[in-house]
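Participant: Below is a structure I'd like to ask you about.
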Amino acid sequence: MGVFSGLRVVEIGSSATTSYCARLFADFGADVQKIEPPPGDPLRRAAPLTPGGQSAWFAFLNFNKSSVIIDPADQHAMTRLMALLESCDILIDGRDVDPADCQSINVATIRQRRPSLIYIEASWFGSRGPYAGFAATDSTVRALAGLIKLVGPVEGPPLYAPDFQTGILAGLWAFIAVASSIVARTQGGAGRSWSVSIFEANLALSENHMFEAHVRDEMTRRIGINRFWPMFPAGIYETKKGWLGVTTLTPAQWRSFCDMLGLSELRDDPGLVLGADRLPYVDEIERQFLPKLKARTAQEWFVEGLQRKIPIVPVPEISDLLLDTEKSARGAIVPVLLGEEEGLTVGSMQRLTLTGPRRGGKVPAPGEQQAFARNRTNPSFNAAGSSGCADPRRQPLAGIQVIDFTMGWAGPLCTRTLADLGADVIKIEAIQYPDWWRGVDRRAAYVDGQMYEKAVRFCIMNRNKRGITLDLTRPQGLALAKRLLARADIVADNFSVDVLRRLGLGYDVLKALNPRIVMMSMSAFGSNSVHRDCRAYGSTLEQASGLPGVVGIPGGPPVMSHTAFGDPVGGLNGCAAVLVALIHARSSGQGQFIDLAQIECMMPFAAPWITVQSIGGLPPTRYGNRHPQFVPHGCFRCVGVDNWIMVAATDDDMWQRLAVLIGRPDWATDTSLKSAEARRGIEDLIERAIEAWTLSRNADLAMSELQATRVAAGVAHLPIDLLNDPHLKSRAFLHEVERAFIGPHPQPSIPIREGARPYAIRTAAPTLGQHNKEILSGLLELSDTEIGHLAKEGIIGTQMLSDAELAKSKKVSS
């Protein structure tokens, strides 16, 4: 029995977002009924295709679902549809992206008849705002979201990564919204209605760059393939055999990297301590270390990097992933049946150890019911729902308490999302080792100037939380942490494997303290991986995921698509995982351990190529900025310096409108160019004609003219451009928050909404130890004298220690 056994989900319309959201429910046992028109969901034709002509994307998004064909021409169609909708617990609606011939329905009426219904609708841009009516694709949305312009060669064009990144990210957000509503229902709440903007959902990937560029008053720019502002090196490099992913974030990692390569002059240069210091000298530094890397294989460097604690990793090809027995053993790669074809795809990322997900399954043929769909029980999901609507003033996770041991980006995004949805999140740091996103610089000037309180990226990831400092290496600090954990619902960490266990806070200890607690470890490769000790950042995770091998041009190097793509992806998967486990704990009284491997969270983006190669044995085709289905599709230069626009013709009618707009009406009427495959033969000529047109316009004007004729187009924005994006402004996506040390600063909202406006940001990120007294006295009932003694002993505090102070404190404590 899965966590969601007995839960019925109905999916209508066609979008990768809603399909992935529903797939996550199917992973944990829900009966998912996918409504399709007679020709089937349009995604059944999405490339790449297996040798048997099956869509590998559709397979990944839809295995373990059932299919219901409803023909709008059938006089009984509406009766059949309404019967399904009025018997479901969750309705997932992708009609705004593609209606897929689904008939018009009145959701308000259905909700009146079924008050416990949880409803979510997905759209590209939301129901209002300047972009609301835009034609869109994965590529045009990613361009607008600042996720293309910084990738690719310096001279351009910016480089696109293949579909369906936007759908997977937005699908995760949609799942989080629905799962949080189930949590609320277990506490006596009614059903809730949500919306998710796919565009806003993907800003989780660019918000760090957006706000860092703002605070530094620097204009980010594209600096080359596998190079990213503001870190260096953080890319993919050629070795004697294979490609190697390298990231050096801390000064210690940079020194170790230089030592490994025998580059003592670079190591000892005081002007190259931090990644930002090295950026102006990228070419010069690479000239010194690239020849060194070619002296050994990627695997040999990896082994030595582990010993030196450097975040480096071999960059696998898809074939390497298929041969990786660990991926299969953990359920990261699972069997899938597509009609007569047997292949492999990517399994669930939410690695719950007590109530794990299904491992593989079958893709339904049009109209096919899965065998388990008939075995529908009706547990507490429905019983908890009350009549009427949910109180919009009470957030879905109100009353849930989270102890947050996370640092950096991935873990704090997970717990920030829980906090945004109403949970009481208590962030635990130490004055000896605060969150590394406060800064890795421990020199006296940085610490004395309290620069660690001025890190905007820390503030973005830790709003709506309370903060406390505890030295967990001391008995008093450890005892206080245990008292907090004894009353908590969730605890999360993204340290290296076994850090909390060595401190005396392993799951066996916490389970004895609190049998209902959900504990999640967000390590890079998983607690039982042979690579469990590998140091990793978000860039490392992308490098090791298989995705770089499908990005870029044929014969070119593997290409990273984001500097730290893996961090936000891991954070959102972590949030989804703890909500599933929390739902189980609420209904059963049993907590559990979640062994989330962040590398596995990146694998869905490479899923279809895993399937195609597992069946046909052929490596993925790389298209650059072209597309396997849409012709034309590309990034085109506009007037001005480094201005670009992404354009796509997704069907034959759109192609005809585009041809007329760019001054080639003869193409529009040429029947020999009616299909995308027919146009493939003159793709170079078509692209030159489009660029001749775009070169006479600035990017915004080009987008306006293209969208006016319903052609999918999006300006390739820099992340900093989003601070002044008219659509985000019209939707109140950005909030201004006041915080000590930095004053007013912009913050993004979450892309899931229960009404027209996003949730308000309740509190700014805590300063170091800001809530020590509030939590120690209020929750743990310590006296002022006891709290004063803890501060005197350095077990709590509000001032970060410098390297010199830290060394001194270690001597005293020993």
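Following the order of the structure tokens, first chain is A, next is B, and so on, with residues numbered from 1 inside each chain and ligands from 1 in the order they appear.
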Looking only at helix (DSSP H, G or I) from DSSP on the backbone, list the matching residues of region 333-473 of chain A as JSON, numbers by chain.
Facilitator: {"A": [371, 372, 373, 374, 380, 381, 382, 383, 410, 411, 412, 413, 414, 415, 416, 417, 418, 419, 420, 436, 437, 438, 444, 445, 446, 447, 448, 451, 452, 453, 456, 457, 458, 459, 460, 461]}
Participant: Using only C-alpha atoms, determine which residues lie at most 8 Å from Gly224 (chain A), disregarding the query and same-chain residues fewer than 5 positions distant; provide the list as a list in words.
Facilitator: Val151, Gly152, Pro153 and Val154 of chain A
Participant: I need the residues in region 696-773 of chain A that are strand (DSSP E) according to DSSP; give them as a PyMOL selection string.
Facilitator: chain A and resi 712-715+734-739+743-748+752-753
Participant: Only C-alpha atoms, please: the residues just picked out, written as an mmCIF file, in the first residue's frame.
Facilitator:
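The resulting file, part-v5.cif, is reproduced below:
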data_model
loop_
_atom_site.group_PDB
_atom_site.id
_atom_site.type_symbol
_atom_site.label_atom_id
_atom_site.label_comp_id
_atom_site.auth_asym_id
_atom_site.auth_seq_id
_atom_site.Cartn_x
_atom_site.Cartn_y
_atom_site.Cartn_z
ATOM 1 C CA ALA A 712 5.743 31.619 -29.605
ATOM 2 C CA ALA A 713 8.583 34.000 -28.723
ATOM 3 C CA GLY A 714 10.422 35.161 -25.634
ATOM 4 C CA VAL A 715 13.180 37.707 -25.061
ATOM 5 C CA LEU A 734 8.339 40.720 -6.070
ATOM 6 C CA HIS A 735 8.022 41.941 -2.491
ATOM 7 C CA GLU A 736 10.125 44.522 -0.703
ATOM 8 C CA VAL A 737 11.261 43.317 2.703
ATOM 9 C CA GLU A 738 12.990 45.290 5.444
ATOM 10 C CA ARG A 739 15.846 43.613 7.305
ATOM 11 C CA GLY A 743 17.493 47.571 4.820
ATOM 12 C CA PRO A 744 14.767 47.154 2.181
ATOM 13 C CA HIS A 745 15.482 44.545 -0.469
ATOM 14 C CA PRO A 746 13.412 42.627 -3.050
ATOM 15 C CA GLN A 747 12.223 39.087 -2.428
ATOM 16 C CA PRO A 748 10.477 36.661 -4.796
ATOM 17 C CA ILE A 752 1.735 28.675 -6.263
ATOM 18 C CA ARG A 753 -1.259 30.800 -5.278
#
Participant: Would you please work out which residue, of A:Ile236, A:Cys534, A:Ile610, A:Leu485, is nearest to Asn514 (chain A) when using only C-alpha atoms?
Facilitator: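 Closest to Asn514 (chain A), using only C-alpha atoms: A:Leu485.
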Participant: Go through region 561-650 of chain A residue by residue and, counting only C-alpha atoms, keep those with an atom at most 8 Å from region 125-149 of chain A; for each kept residue give the shortest atom pair and its distance in Å to one decimal, ordered by chain and increasing number, as CSV.
Facilitator:
residue,atom,partner,partner_atom,distance
A:Ser561,CA,A:Ile148,CA,7.7
A:His562,CA,A:Leu147,CA,7.4
A:Trp644,CA,A:Lys149,CA,8.0
A:Ile645,CA,A:Ala143,CA,7.6
A:Met646,CA,A:Thr140,CA,5.5
A:Val647,CA,A:Thr140,CA,6.8
A:Ala648,CA,A:Thr137,CA,7.4
A:Thr650,CA,A:Thr137,CA,8.0
Participant: Just the selected residues (C-alpha atoms), exported as a short mmCIF file (atom, residue, chain, number, x, y, z; two decimals), in the first residue's frame, please.
Facilitator:
data_model
loop_
_atom_site.label_atom_id
_atom_site.label_comp_id
_atom_site.auth_asym_id
_atom_site.auth_seq_id
_atom_site.Cartn_x
_atom_site.Cartn_y
_atom_site.Cartn_z
CA SER A 561 22.93 24.70 -18.55
CA HIS A 562 23.10 26.46 -15.16
CA TRP A 644 18.44 37.86 -28.46
CA ILE A 645 14.99 36.35 -28.82
CA MET A 646 13.86 32.72 -28.74
CA VAL A 647 11.34 31.84 -31.46
CA ALA A 648 9.49 28.58 -32.10
CA THR A 650 4.98 24.66 -32.75
#
Participant: When you count only C-alpha atoms, which of these residues is closest to Gly408 (chain A): A:Val518, A:Val178, A:Leu169, A:Ala564?
Facilitator: A:Ala564
Participant: What's the 12 Å shell around Ile285 (chain A), counting only C-alpha atoms, without same-chain residues fewer than 5 positions away, as a PyMOL selection string?
Facilitator: chain A and resi 232-233+258+263+265-267+269+272+275+277-280+290-292
Participant: How would the residues just picked look written out with N, CA, C and O atoms as a CSV table (one decimal), in the first residue's frame?
Facilitator:
chain,number,residue,atom,x,y,z
A,232,PHE,N,34.3,30.6,-10.4
A,232,PHE,CA,35.3,30.0,-11.3
A,232,PHE,C,36.4,29.3,-10.5
A,232,PHE,O,36.9,29.9,-9.6
A,233,PRO,N,36.8,28.1,-10.9
A,233,PRO,CA,36.2,27.2,-12.0
A,233,PRO,C,35.0,26.5,-11.4
A,233,PRO,O,35.0,26.0,-10.3
A,258,CYS,N,44.6,23.4,-6.8
A,258,CYS,CA,45.9,23.8,-7.3
A,258,CYS,C,47.0,22.9,-6.8
A,258,CYS,O,47.9,22.5,-7.6
A,263,LEU,N,50.1,23.5,-9.1
A,263,LEU,CA,50.1,24.9,-9.5
A,263,LEU,C,50.2,25.8,-8.3
A,263,LEU,O,49.3,26.5,-7.9
A,265,GLU,N,51.9,28.5,-7.7
A,265,GLU,CA,51.8,30.0,-7.9
A,265,GLU,C,50.3,30.4,-7.9
A,265,GLU,O,50.0,31.5,-7.3
A,266,LEU,N,49.4,29.7,-8.5
A,266,LEU,CA,48.0,30.0,-8.5
A,266,LEU,C,47.5,29.9,-7.0
A,266,LEU,O,46.7,30.7,-6.5
A,267,ARG,N,47.9,28.8,-6.4
A,267,ARG,CA,47.4,28.5,-5.0
A,267,ARG,C,47.8,29.7,-4.1
A,267,ARG,O,47.0,30.1,-3.2
A,269,ASP,N,48.6,32.8,-4.7
A,269,ASP,CA,48.3,34.2,-5.1
A,269,ASP,C,47.1,34.8,-4.3
A,269,ASP,O,46.0,34.3,-4.4
A,272,LEU,N,43.6,35.6,-5.8
A,272,LEU,CA,42.8,34.6,-6.4
A,272,LEU,C,42.1,33.7,-5.4
A,272,LEU,O,41.8,32.5,-5.6
A,275,GLY,N,36.2,32.8,-5.8
A,275,GLY,CA,35.9,32.6,-7.2
A,275,GLY,C,35.7,33.9,-8.0
A,275,GLY,O,36.1,34.0,-9.2
A,277,ASP,N,37.2,36.6,-7.4
A,277,ASP,CA,38.6,37.2,-7.7
A,277,ASP,C,39.2,36.6,-9.0
A,277,ASP,O,39.9,37.3,-9.7
A,278,ARG,N,38.8,35.3,-9.2
A,278,ARG,CA,39.5,34.6,-10.4
A,278,ARG,C,38.8,34.9,-11.7
A,278,ARG,O,39.4,34.7,-12.8
A,279,LEU,N,37.6,35.4,-11.7
A,279,LEU,CA,36.8,35.6,-12.9
A,279,LEU,C,37.5,36.4,-14.0
A,279,LEU,O,37.5,36.1,-15.2
A,280,PRO,N,38.2,37.6,-13.6
A,280,PRO,CA,38.8,38.4,-14.6
A,280,PRO,C,40.0,37.7,-15.3
A,280,PRO,O,40.5,38.2,-16.3
A,290,LEU,N,44.3,23.4,-17.8
A,290,LEU,CA,43.7,22.5,-18.8
A,290,LEU,C,44.7,21.4,-19.3
A,290,LEU,O,44.4,20.2,-19.3
A,291,PRO,N,46.0,21.8,-19.6
A,291,PRO,CA,46.9,20.7,-20.0
A,291,PRO,C,47.2,19.8,-18.8
A,291,PRO,O,47.4,18.6,-19.1
A,292,LYS,N,47.2,20.2,-17.6
A,292,LYS,CA,47.4,19.3,-16.5
A,292,LYS,C,46.3,18.3,-16.4
A,292,LYS,O,46.6,17.1,-16.1
